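**Q** Provided herewith: input-v2.txt, compact mmCIF, N, CA and C atoms.
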```
# COMPACT_ATOMS: atom_id res chain seq x y z
N ALA A 5 0.82 -1.20 0.00
CA ALA A 5 0.00 0.00 0.00
C ALA A 5 0.86 1.26 0.00
N CYS A 6 1.99 1.23 0.67
CA CYS A 6 2.82 2.44 0.79
C CYS A 6 3.66 2.72 -0.46
N HIS A 7 3.99 1.66 -1.18
CA HIS A 7 4.87 1.82 -2.33
C HIS A 7 4.12 1.69 -3.66
N GLY A 8 2.81 1.51 -3.59
CA GLY A 8 1.99 1.42 -4.78
C GLY A 8 1.96 0.02 -5.37
N PRO A 9 0.96 -0.25 -6.19
CA PRO A 9 0.78 -1.60 -6.75
C PRO A 9 1.90 -2.00 -7.71
N ASP A 10 2.63 -1.03 -8.24
CA ASP A 10 3.72 -1.33 -9.17
C ASP A 10 5.09 -1.12 -8.53
N ALA A 11 5.11 -0.85 -7.22
CA ALA A 11 6.35 -0.63 -6.45
C ALA A 11 7.11 0.62 -6.87
N ARG A 12 6.42 1.54 -7.54
CA ARG A 12 7.07 2.77 -7.99
C ARG A 12 6.90 3.94 -7.03
N GLY A 13 6.33 3.65 -5.87
CA GLY A 13 6.23 4.67 -4.83
C GLY A 13 4.95 5.46 -4.88
N ILE A 14 4.69 6.11 -3.76
CA ILE A 14 3.55 7.01 -3.60
C ILE A 14 4.10 8.27 -2.94
N ASP A 15 3.86 9.42 -3.56
CA ASP A 15 4.37 10.69 -3.03
C ASP A 15 4.04 10.83 -1.55
N ASN A 16 5.03 11.25 -0.80
CA ASN A 16 4.91 11.52 0.64
C ASN A 16 4.54 10.28 1.46
N LEU A 17 4.79 9.10 0.91
CA LEU A 17 4.45 7.89 1.66
C LEU A 17 5.56 6.86 1.54
N GLY A 18 5.72 6.25 0.38
CA GLY A 18 6.72 5.21 0.19
C GLY A 18 7.54 5.47 -1.06
N VAL A 19 8.84 5.17 -1.00
CA VAL A 19 9.74 5.46 -2.11
C VAL A 19 9.55 4.47 -3.26
N ASP A 20 10.10 4.83 -4.40
CA ASP A 20 10.10 3.99 -5.60
C ASP A 20 11.09 2.85 -5.37
N LEU A 21 10.59 1.63 -5.29
CA LEU A 21 11.46 0.48 -5.06
C LEU A 21 12.05 -0.07 -6.36
N VAL A 22 11.47 0.29 -7.50
CA VAL A 22 12.00 -0.14 -8.78
C VAL A 22 13.33 0.57 -9.05
N ALA A 23 13.43 1.82 -8.65
CA ALA A 23 14.65 2.60 -8.87
C ALA A 23 15.50 2.73 -7.60
N SER A 24 15.18 1.99 -6.57
CA SER A 24 15.85 2.14 -5.28
C SER A 24 17.28 1.62 -5.27
N PRO A 25 18.25 2.49 -4.97
CA PRO A 25 19.63 2.02 -4.80
C PRO A 25 19.75 1.03 -3.63
N PHE A 26 18.93 1.21 -2.59
CA PHE A 26 18.95 0.30 -1.44
C PHE A 26 18.58 -1.12 -1.87
N VAL A 27 17.53 -1.25 -2.67
CA VAL A 27 17.14 -2.57 -3.16
C VAL A 27 18.23 -3.13 -4.08
N ALA A 28 18.79 -2.28 -4.93
CA ALA A 28 19.82 -2.72 -5.88
C ALA A 28 21.04 -3.29 -5.17
N ARG A 29 21.47 -2.65 -4.09
CA ARG A 29 22.70 -3.08 -3.43
C ARG A 29 22.48 -4.14 -2.35
N SER A 30 21.24 -4.44 -2.02
CA SER A 30 20.94 -5.40 -0.97
C SER A 30 20.69 -6.79 -1.54
N ALA A 31 21.29 -7.79 -0.91
CA ALA A 31 21.00 -9.18 -1.28
C ALA A 31 19.61 -9.53 -0.76
N ALA A 32 18.96 -10.49 -1.40
CA ALA A 32 17.60 -10.87 -1.00
C ALA A 32 17.50 -11.22 0.49
N PRO A 33 18.44 -11.97 1.09
CA PRO A 33 18.33 -12.25 2.53
C PRO A 33 18.40 -10.98 3.38
N ASP A 34 19.17 -9.99 2.92
CA ASP A 34 19.24 -8.72 3.65
C ASP A 34 17.92 -7.95 3.54
N LEU A 35 17.28 -8.03 2.39
CA LEU A 35 15.97 -7.40 2.24
C LEU A 35 14.94 -8.06 3.14
N VAL A 36 15.00 -9.38 3.25
CA VAL A 36 14.08 -10.09 4.15
C VAL A 36 14.28 -9.60 5.57
N ALA A 37 15.53 -9.50 6.01
CA ALA A 37 15.81 -9.02 7.37
C ALA A 37 15.28 -7.60 7.56
N PHE A 38 15.46 -6.76 6.54
CA PHE A 38 14.95 -5.38 6.61
C PHE A 38 13.43 -5.37 6.70
N LEU A 39 12.78 -6.18 5.88
CA LEU A 39 11.31 -6.23 5.90
C LEU A 39 10.80 -6.68 7.26
N LYS A 40 11.50 -7.59 7.90
CA LYS A 40 11.11 -8.04 9.23
C LYS A 40 11.24 -6.92 10.26
N ALA A 41 12.34 -6.18 10.19
CA ALA A 41 12.66 -5.17 11.22
C ALA A 41 11.99 -3.82 10.97
N GLY A 42 11.91 -3.40 9.72
CA GLY A 42 11.39 -2.07 9.41
C GLY A 42 12.43 -1.00 9.65
N ARG A 43 12.00 0.26 9.66
CA ARG A 43 12.92 1.39 9.86
C ARG A 43 12.17 2.52 10.55
N LEU A 44 12.80 3.09 11.55
CA LEU A 44 12.21 4.22 12.26
C LEU A 44 12.35 5.51 11.45
N PRO A 45 11.46 6.46 11.64
CA PRO A 45 11.51 7.69 10.83
C PRO A 45 12.76 8.53 11.06
N ASP A 46 13.39 8.39 12.24
CA ASP A 46 14.59 9.18 12.51
C ASP A 46 15.88 8.47 12.11
N ASP A 47 15.77 7.32 11.47
CA ASP A 47 16.95 6.60 10.98
C ASP A 47 17.61 7.46 9.91
N PRO A 48 18.92 7.65 9.97
CA PRO A 48 19.60 8.47 8.96
C PRO A 48 19.41 7.96 7.52
N ALA A 49 19.11 6.69 7.36
CA ALA A 49 18.90 6.14 6.02
C ALA A 49 17.49 6.38 5.50
N SER A 50 16.60 6.89 6.33
CA SER A 50 15.23 7.14 5.91
C SER A 50 15.19 8.26 4.88
N LEU A 51 14.51 8.02 3.79
CA LEU A 51 14.38 9.05 2.74
C LEU A 51 13.12 9.88 2.91
N THR A 52 12.15 9.37 3.67
CA THR A 52 10.87 10.06 3.78
C THR A 52 10.60 10.64 5.16
N GLY A 53 11.32 10.18 6.17
CA GLY A 53 11.02 10.61 7.53
C GLY A 53 9.75 9.98 8.07
N ARG A 54 9.30 8.95 7.41
CA ARG A 54 8.11 8.21 7.83
C ARG A 54 8.54 6.82 8.30
N PRO A 55 7.77 6.23 9.20
CA PRO A 55 8.15 4.89 9.64
C PRO A 55 7.93 3.85 8.54
N MET A 56 8.82 2.89 8.49
CA MET A 56 8.65 1.71 7.64
C MET A 56 8.35 0.59 8.63
N PRO A 57 7.10 0.13 8.69
CA PRO A 57 6.77 -0.89 9.68
C PRO A 57 7.50 -2.20 9.41
N GLY A 58 7.75 -2.94 10.47
CA GLY A 58 8.33 -4.27 10.33
C GLY A 58 7.23 -5.28 10.03
N PHE A 59 7.58 -6.30 9.32
CA PHE A 59 6.62 -7.33 8.94
C PHE A 59 7.07 -8.71 9.42
N ALA A 60 7.58 -8.77 10.66
CA ALA A 60 8.05 -10.04 11.22
C ALA A 60 6.93 -11.07 11.32
N TRP A 61 5.71 -10.62 11.32
CA TRP A 61 4.55 -11.51 11.43
C TRP A 61 4.23 -12.22 10.11
N VAL A 62 4.83 -11.78 9.01
CA VAL A 62 4.59 -12.40 7.70
C VAL A 62 5.50 -13.63 7.58
N ALA A 63 5.00 -14.68 6.97
CA ALA A 63 5.77 -15.92 6.80
C ALA A 63 7.07 -15.65 6.05
N GLU A 64 8.12 -16.34 6.47
CA GLU A 64 9.45 -16.20 5.87
C GLU A 64 9.40 -16.39 4.35
N GLY A 65 8.67 -17.39 3.89
CA GLY A 65 8.58 -17.66 2.46
C GLY A 65 7.94 -16.51 1.69
N GLU A 66 6.96 -15.88 2.29
CA GLU A 66 6.32 -14.73 1.63
C GLU A 66 7.26 -13.54 1.57
N LEU A 67 8.02 -13.31 2.64
CA LEU A 67 8.99 -12.21 2.64
C LEU A 67 10.08 -12.47 1.61
N ARG A 68 10.52 -13.71 1.51
CA ARG A 68 11.54 -14.07 0.52
C ARG A 68 11.00 -13.85 -0.90
N ALA A 69 9.75 -14.24 -1.14
CA ALA A 69 9.14 -14.03 -2.45
C ALA A 69 9.05 -12.54 -2.77
N LEU A 70 8.71 -11.74 -1.77
CA LEU A 70 8.65 -10.29 -1.98
C LEU A 70 10.03 -9.73 -2.29
N ALA A 71 11.03 -10.15 -1.52
CA ALA A 71 12.40 -9.69 -1.77
C ALA A 71 12.86 -10.08 -3.17
N ASP A 72 12.57 -11.31 -3.58
CA ASP A 72 12.94 -11.75 -4.93
C ASP A 72 12.21 -10.94 -6.00
N PHE A 73 10.94 -10.64 -5.75
CA PHE A 73 10.17 -9.81 -6.69
C PHE A 73 10.80 -8.42 -6.81
N LEU A 74 11.12 -7.81 -5.66
CA LEU A 74 11.71 -6.47 -5.69
C LEU A 74 13.06 -6.48 -6.42
N LYS A 75 13.86 -7.50 -6.18
CA LYS A 75 15.14 -7.61 -6.87
C LYS A 75 14.92 -7.76 -8.39
N SER A 76 13.90 -8.51 -8.78
CA SER A 76 13.66 -8.73 -10.21
C SER A 76 13.15 -7.47 -10.90
N ARG A 77 12.44 -6.61 -10.16
CA ARG A 77 11.89 -5.37 -10.74
C ARG A 77 12.89 -4.21 -10.69
N ASN A 78 13.79 -4.25 -9.74
CA ASN A 78 14.72 -3.14 -9.51
C ASN A 78 15.60 -2.93 -10.75
N GLY A 79 15.67 -1.68 -11.16
CA GLY A 79 16.51 -1.32 -12.29
C GLY A 79 15.84 -1.53 -13.64
N LYS A 80 14.57 -1.91 -13.64
CA LYS A 80 13.87 -2.14 -14.90
C LYS A 80 12.86 -1.04 -15.17
N GLY A 81 13.32 0.18 -14.90
CA GLY A 81 12.55 1.35 -14.93
C GLY A 81 11.80 1.77 -16.07
```
Transcribe the structure of this file into structure tokens.
**A**
Amino acid sequence: ACHGPDARGIDNLGVDLVASPFVARSAAPDLVAFLKAGRLPDDPASLTGRPMPGFAWVAEGELRALADFLKSRNGKG
């Protein structure tokens, strides 16, 4: 919901994950760990100043599938 149905972001909410340098440089297992933990709005790496909720409650396989999807879309702008 925050990054849009095509992962290209929503103004003032979630960044474009297709063009994200963070997604590009992160291995899929690192993305899974990030998705589980989330990011606080005051984290220096935050681009929006908004919280990125953690999704530790989502099954590991689903998070891995999401990470693989993001990696496959990243850079295909």
**Q** May I have the residues within 8 Å of Arg54 (chain A) as a PyMOL selection string, using all atoms listed in the file and disregarding those fewer than 2 positions away in the same chain?
**A** chain A and resi 16-17+43-47+50-52+56-57
**Q** Can you pull out the residues contacting region 61-72 of chain A? Cut-off 6.5 Å, using all atoms listed in the file, and skip same-chain residues under 5 positions away; I want them as a list in words.
**A** Ala32, Leu35, Val36, Lys40 and Arg77 of chain A
**Q** Once 5 Å is added on each side, what are the centre and the three edge lengths, in Å to one decimal, of the axis-aligned box enclosing the listed atoms of region 68-75 of chain A? Present them as AutoDock Vina command-line options.
**A**
```
--center_x 11.9 --center_y -10.4 --center_z -3.4 --size_x 16.5 --size_y 17.8 --size_z 19.9
```
**Q** Based on the backbone DSSP call, show me all residues of chain A assigned helix (DSSP H, G or I), as a PyMOL selection string.
**A** chain A and resi 25-29+32-41+64-77
**Q** One decimal, Å: what's the distance from CA of Gly13 (chain A) over to CA of Ala49 (chain A), could you say?
**A** 16.7 Å
**Q** Between atom N of Asp15 (chain A) and CA of Pro33 (chain A), what distance in Å does the model show, to one decimal?
**A**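 Spanning atom N of Asp15 (chain A) to CA of Pro33 (chain A) is a straight-line distance of 26.8 Å.
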**Q** Counting only C-alpha atoms, find residues at most 7 Å from (7.6, -1.0, -6.8) (file frame) and give them as a list in words.
**A**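 Protein and nucleic acid residues near the point are His7, Gly8, Pro9, Asp10, Ala11, Arg12, Gly13, Asp20, Leu21, Val22 and Leu74 of chain A.
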**Q** Taking only N, CA and C atoms into account, which of A:Ala60, A:Cys6, A:Ala41, A:Ala31 comes nearest Gly18 (chain A)?
**A**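 Under the stated criterion, the closest residue is A:Cys6.
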**Q** What separation in Å, quoted to one decimal, exists between atom N of Leu39 (chain A) and atom C of Lys80 (chain A)?
**A** 21.7 Å
**Q** Taking the DSSP assignment computed from this structure's backbone, write out as a list in words all residues of region 11-65 of chain A that belong to strand (DSSP E or B).
**A**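 Answer for region 11-65 of chain A, restricted to strand (DSSP E or B): Ile14, Gly18, Arg43 and Met56 of chain A.
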